[in-house]
Amino acid sequence: MAEQPGEFPANPPEPPSSAPHAAATDGPAPDTGLKPITRLISEDRISRIVPETTTKVEVSFSSVFTRRFLHDDYNFCASKCSVARGGKVKALDEAFREAEVWFSRVNDWLASKNQLEFSIGYESVVLEVPNALAGRLLRLLGQYDKLASATLFAHIGRSISGTERDTQLDIAGRRINTIHTLCIPDNDRFADDGSRLPA
């Protein structure tokens, strides 16, 4: 039986990747109702690591989840990914692949739904991307933001219910938070196969 978008897939296929969305900053910032980000949590932490790259990207967002993750957790995750080795890298890669596949499937599901689109206000923030895993994390956050908009448009278009929308956003958030959780333990807490060692 085919998995539904609202389910956690077990062993899905590899999805196509997408680049993080960058917004133009010409003109005044739109009123999204969100408090502007003035400083990111763990900004000092990420400045102390030796980056694999010096890439900076401007990321736009409209959802509360994406804003909170960028403010509270992104720099922490990016810095921990920079020093991840061995089994921890394997565990993170697996979590990323599962999340990327889930987003690909839910996007395919939404493509068949009637969507009534309207203008949404976006904010933007410039972020450092010190490694490839941090780049994958930004792409997932961009996909979450697009999912939040698409499910809203589909709900307004009366092709999905409010409960269906909440379910998809809850699973999407848990997929991304799983990556944050894996970033917390040190490298020595993972076996070579990526499994967590007992405390």
# chains A, B, ... in the order shown; residues from 1 in each chain; ligands from 1

call {"tool": "select_by_dssp", "arguments": {"residues": "range 75-170 of chain A", "states": "helix (DSSP H, G or I)", "output": "number ranges by chain"}}
result
A: 75-82, 87-111, 132-156, 162-170

call {"tool": "residues_around", "arguments": {"residues": "range 192-198 of chain A", "least_positions_apart": "6", "cutoff": "8 Å", "atoms": "only C-alpha atoms", "output": "PyMOL selection string"}}
result
chain A and resi 86-91

call {"tool": "atom_distance", "arguments": {"atom1": "CA of Glu100 in chain A", "atom2": "CA of Gly121 in chain A"}}
result
25.5 Å

call {"tool": "closest_atom_pairs", "arguments": {"of": "range 80-120 of chain A", "to": "range 147-168 of chain A", "cutoff": "8 Å", "atoms": "only C-alpha atoms", "output": "JSON lines"}}
result
{"residue": "A:Val106", "atom": "CA", "partner": "A:Gln168", "partner_atom": "CA", "distance": 7.9}
{"residue": "A:Asn107", "atom": "CA", "partner": "A:Leu147", "partner_atom": "CA", "distance": 7.5}
{"residue": "A:Leu110", "atom": "CA", "partner": "A:Ala150", "partner_atom": "CA", "distance": 7.4}
{"residue": "A:Lys113", "atom": "CA", "partner": "A:Ser159", "partner_atom": "CA", "distance": 5.7}
{"residue": "A:Asn114", "atom": "CA", "partner": "A:Ser159", "partner_atom": "CA", "distance": 5.6}
{"residue": "A:Gln115", "atom": "CA", "partner": "A:Ala154", "partner_atom": "CA", "distance": 4.1}
{"residue": "A:Leu116", "atom": "CA", "partner": "A:Gly157", "partner_atom": "CA", "distance": 4.8}
{"residue": "A:Glu117", "atom": "CA", "partner": "A:Phe153", "partner_atom": "CA", "distance": 5.3}
{"residue": "A:Phe118", "atom": "CA", "partner": "A:Phe153", "partner_atom": "CA", "distance": 7.6}

call {"tool": "write_last_selection", "arguments": {"atoms": "all heavy atoms", "output": "CSV table (one decimal), in the first residue's frame"}}
result
chain,number,residue,atom,x,y,z
A,106,VAL,N,5.1,15.0,-0.2
A,106,VAL,CA,4.0,15.8,0.1
A,106,VAL,C,3.8,16.9,-0.9
A,106,VAL,O,2.7,17.4,-1.2
A,106,VAL,CB,4.2,16.4,1.6
A,106,VAL,CG1,5.2,17.6,1.6
A,106,VAL,CG2,2.9,16.8,2.2
A,107,ASN,N,4.9,17.4,-1.5
A,107,ASN,CA,4.8,18.3,-2.6
A,107,ASN,C,4.0,17.7,-3.8
A,107,ASN,O,3.2,18.4,-4.5
A,107,ASN,CB,6.1,18.9,-3.0
A,107,ASN,CG,6.7,19.8,-2.0
A,107,ASN,OD1,6.0,20.4,-1.2
A,107,ASN,ND2,8.1,19.9,-2.0
A,110,LEU,N,0.4,17.7,-2.9
A,110,LEU,CA,-0.2,19.0,-3.0
A,110,LEU,C,-0.4,19.5,-4.4
A,110,LEU,O,-1.3,20.3,-4.7
A,110,LEU,CB,0.6,20.0,-2.2
A,110,LEU,CG,0.4,20.1,-0.7
A,110,LEU,CD1,1.4,21.0,-0.1
A,110,LEU,CD2,-1.0,20.7,-0.4
A,113,LYS,N,-3.9,19.4,-5.8
A,113,LYS,CA,-4.9,20.1,-5.0
A,113,LYS,C,-5.2,21.5,-5.6
A,113,LYS,O,-4.2,22.1,-6.0
A,113,LYS,CB,-4.5,20.2,-3.5
A,113,LYS,CG,-4.2,18.8,-2.9
A,113,LYS,CD,-5.4,17.9,-2.8
A,113,LYS,CE,-5.0,16.6,-2.1
A,113,LYS,NZ,-6.1,15.7,-2.1
A,114,ASN,N,-6.4,21.9,-5.6
A,114,ASN,CA,-6.7,23.2,-6.0
A,114,ASN,C,-6.2,24.2,-4.9
A,114,ASN,O,-6.4,24.0,-3.7
A,114,ASN,CB,-8.3,23.4,-6.1
A,114,ASN,CG,-8.7,24.8,-6.5
A,114,ASN,OD1,-8.2,25.3,-7.5
A,114,ASN,ND2,-9.5,25.4,-5.7
A,115,GLN,N,-5.5,25.2,-5.4
A,115,GLN,CA,-4.9,26.2,-4.5
A,115,GLN,C,-5.3,27.6,-5.0
A,115,GLN,O,-5.2,28.0,-6.1
A,115,GLN,CB,-3.4,26.1,-4.5
A,115,GLN,CG,-2.8,24.8,-4.0
A,115,GLN,CD,-1.3,24.7,-4.0
A,115,GLN,OE1,-0.7,25.8,-3.8
A,115,GLN,NE2,-0.7,23.6,-4.1
A,116,LEU,N,-5.8,28.4,-4.0
A,116,LEU,CA,-6.2,29.8,-4.2
A,116,LEU,C,-5.1,30.6,-3.7
A,116,LEU,O,-5.0,30.9,-2.5
A,116,LEU,CB,-7.5,30.1,-3.6
A,116,LEU,CG,-8.1,31.5,-3.8
A,116,LEU,CD1,-8.3,31.7,-5.3
A,116,LEU,CD2,-9.4,31.6,-3.0
A,117,GLU,N,-4.2,31.1,-4.6
A,117,GLU,CA,-3.0,31.8,-4.1
A,117,GLU,C,-3.3,33.3,-3.9
A,117,GLU,O,-4.2,33.9,-4.6
A,117,GLU,CB,-1.9,31.7,-5.1
A,117,GLU,CG,-1.4,30.2,-5.3
A,117,GLU,CD,-0.1,30.1,-6.1
A,117,GLU,OE1,0.6,31.2,-6.3
A,117,GLU,OE2,0.1,29.0,-6.6
A,118,PHE,N,-2.6,33.9,-3.0
A,118,PHE,CA,-2.7,35.3,-2.7
A,118,PHE,C,-1.4,35.8,-2.1
A,118,PHE,O,-0.5,35.0,-1.8
A,118,PHE,CB,-3.9,35.6,-1.7
A,118,PHE,CG,-3.8,34.8,-0.4
A,118,PHE,CD1,-3.1,35.3,0.7
A,118,PHE,CD2,-4.4,33.6,-0.3
A,118,PHE,CE1,-3.0,34.6,1.8
A,118,PHE,CE2,-4.3,32.8,0.8
A,118,PHE,CZ,-3.7,33.3,1.9

call {"tool": "residues_around", "arguments": {"residues": "Ala99 in chain A", "least_positions_apart": "4", "cutoff": "8 Å", "atoms": "only C-alpha atoms", "output": "list in words"}}
result
Ala95, Phe103, Leu140, Ala172, Arg175 and Ile176 of chain A

call {"tool": "atom_distance", "arguments": {"atom1": "CA of Val57 in chain A", "atom2": "CA of Arg105 in chain A"}}
result
26.4 Å

call {"tool": "atom_distance", "arguments": {"atom1": "CA of Val126 in chain A", "atom2": "CA of Asn187 in chain A"}}
result
28.6 Å

call {"tool": "select_by_dssp", "arguments": {"residues": "range 65-190 of chain A", "states": "strand (DSSP E or B)", "output": "PyMOL selection string"}}
result
chain A and resi 123-129+190

call {"tool": "write_last_selection", "arguments": {"atoms": "all heavy atoms", "output": "compact mmCIF listing (two decimals), in the first residue's frame"}}
result
# COMPACT_ATOMS: atom_id res chain seq x y z
N GLU A 123 9.86 38.04 5.19
CA GLU A 123 11.01 38.68 5.79
C GLU A 123 12.25 37.96 5.29
O GLU A 123 12.16 36.86 4.74
CB GLU A 123 10.94 38.61 7.32
CG GLU A 123 9.78 39.38 7.91
CD GLU A 123 9.80 39.34 9.42
OE1 GLU A 123 10.90 39.46 10.01
OE2 GLU A 123 8.74 39.18 10.02
N SER A 124 13.42 38.54 5.51
CA SER A 124 14.64 37.88 5.07
C SER A 124 15.75 38.12 6.08
O SER A 124 15.73 39.10 6.84
CB SER A 124 15.08 38.36 3.69
OG SER A 124 15.36 39.74 3.72
N VAL A 125 16.74 37.21 6.08
CA VAL A 125 17.89 37.31 6.97
C VAL A 125 19.08 36.71 6.24
O VAL A 125 18.93 35.76 5.47
CB VAL A 125 17.63 36.58 8.31
CG1 VAL A 125 17.41 35.09 8.10
CG2 VAL A 125 18.76 36.82 9.30
N VAL A 126 20.26 37.28 6.44
CA VAL A 126 21.49 36.77 5.82
C VAL A 126 22.14 35.79 6.78
O VAL A 126 22.33 36.09 7.97
CB VAL A 126 22.46 37.92 5.49
CG1 VAL A 126 23.78 37.37 4.95
CG2 VAL A 126 21.83 38.88 4.49
N LEU A 127 22.47 34.60 6.28
CA LEU A 127 23.02 33.53 7.10
C LEU A 127 24.32 33.01 6.51
O LEU A 127 24.51 32.99 5.29
CB LEU A 127 22.02 32.37 7.19
CG LEU A 127 20.67 32.68 7.81
CD1 LEU A 127 19.69 31.55 7.53
CD2 LEU A 127 20.81 32.91 9.31
N GLU A 128 25.22 32.56 7.38
CA GLU A 128 26.44 31.89 6.95
C GLU A 128 26.14 30.41 6.73
O GLU A 128 25.41 29.79 7.51
CB GLU A 128 27.55 32.05 7.98
CG GLU A 128 28.06 33.48 8.11
CD GLU A 128 29.31 33.56 8.96
OE1 GLU A 128 30.01 32.54 9.11
OE2 GLU A 128 29.57 34.65 9.49
N VAL A 129 26.72 29.86 5.68
CA VAL A 129 26.55 28.44 5.37
C VAL A 129 27.94 27.81 5.38
O VAL A 129 28.62 27.76 4.35
CB VAL A 129 25.87 28.23 4.00
CG1 VAL A 129 25.54 26.76 3.79
CG2 VAL A 129 24.61 29.09 3.90
N PHE A 190 27.79 8.28 18.96
CA PHE A 190 27.27 7.57 17.80
C PHE A 190 28.20 6.43 17.41
O PHE A 190 29.42 6.60 17.41
CB PHE A 190 27.11 8.52 16.60
CG PHE A 190 26.09 9.59 16.79
CD1 PHE A 190 26.42 10.78 17.43
CD2 PHE A 190 24.78 9.41 16.34
CE1 PHE A 190 25.47 11.77 17.61
CE2 PHE A 190 23.83 10.41 16.52
CZ PHE A 190 24.18 11.60 17.16

call {"tool": "residues_around", "arguments": {"residues": "Leu133 in chain A", "least_positions_apart": "5", "cutoff": "9 Å", "atoms": "only C-alpha atoms", "output": "list in words"}}
result
Ala78, Cys81, Ser82, Leu92, Asp93, Phe96 and Leu138 of chain A
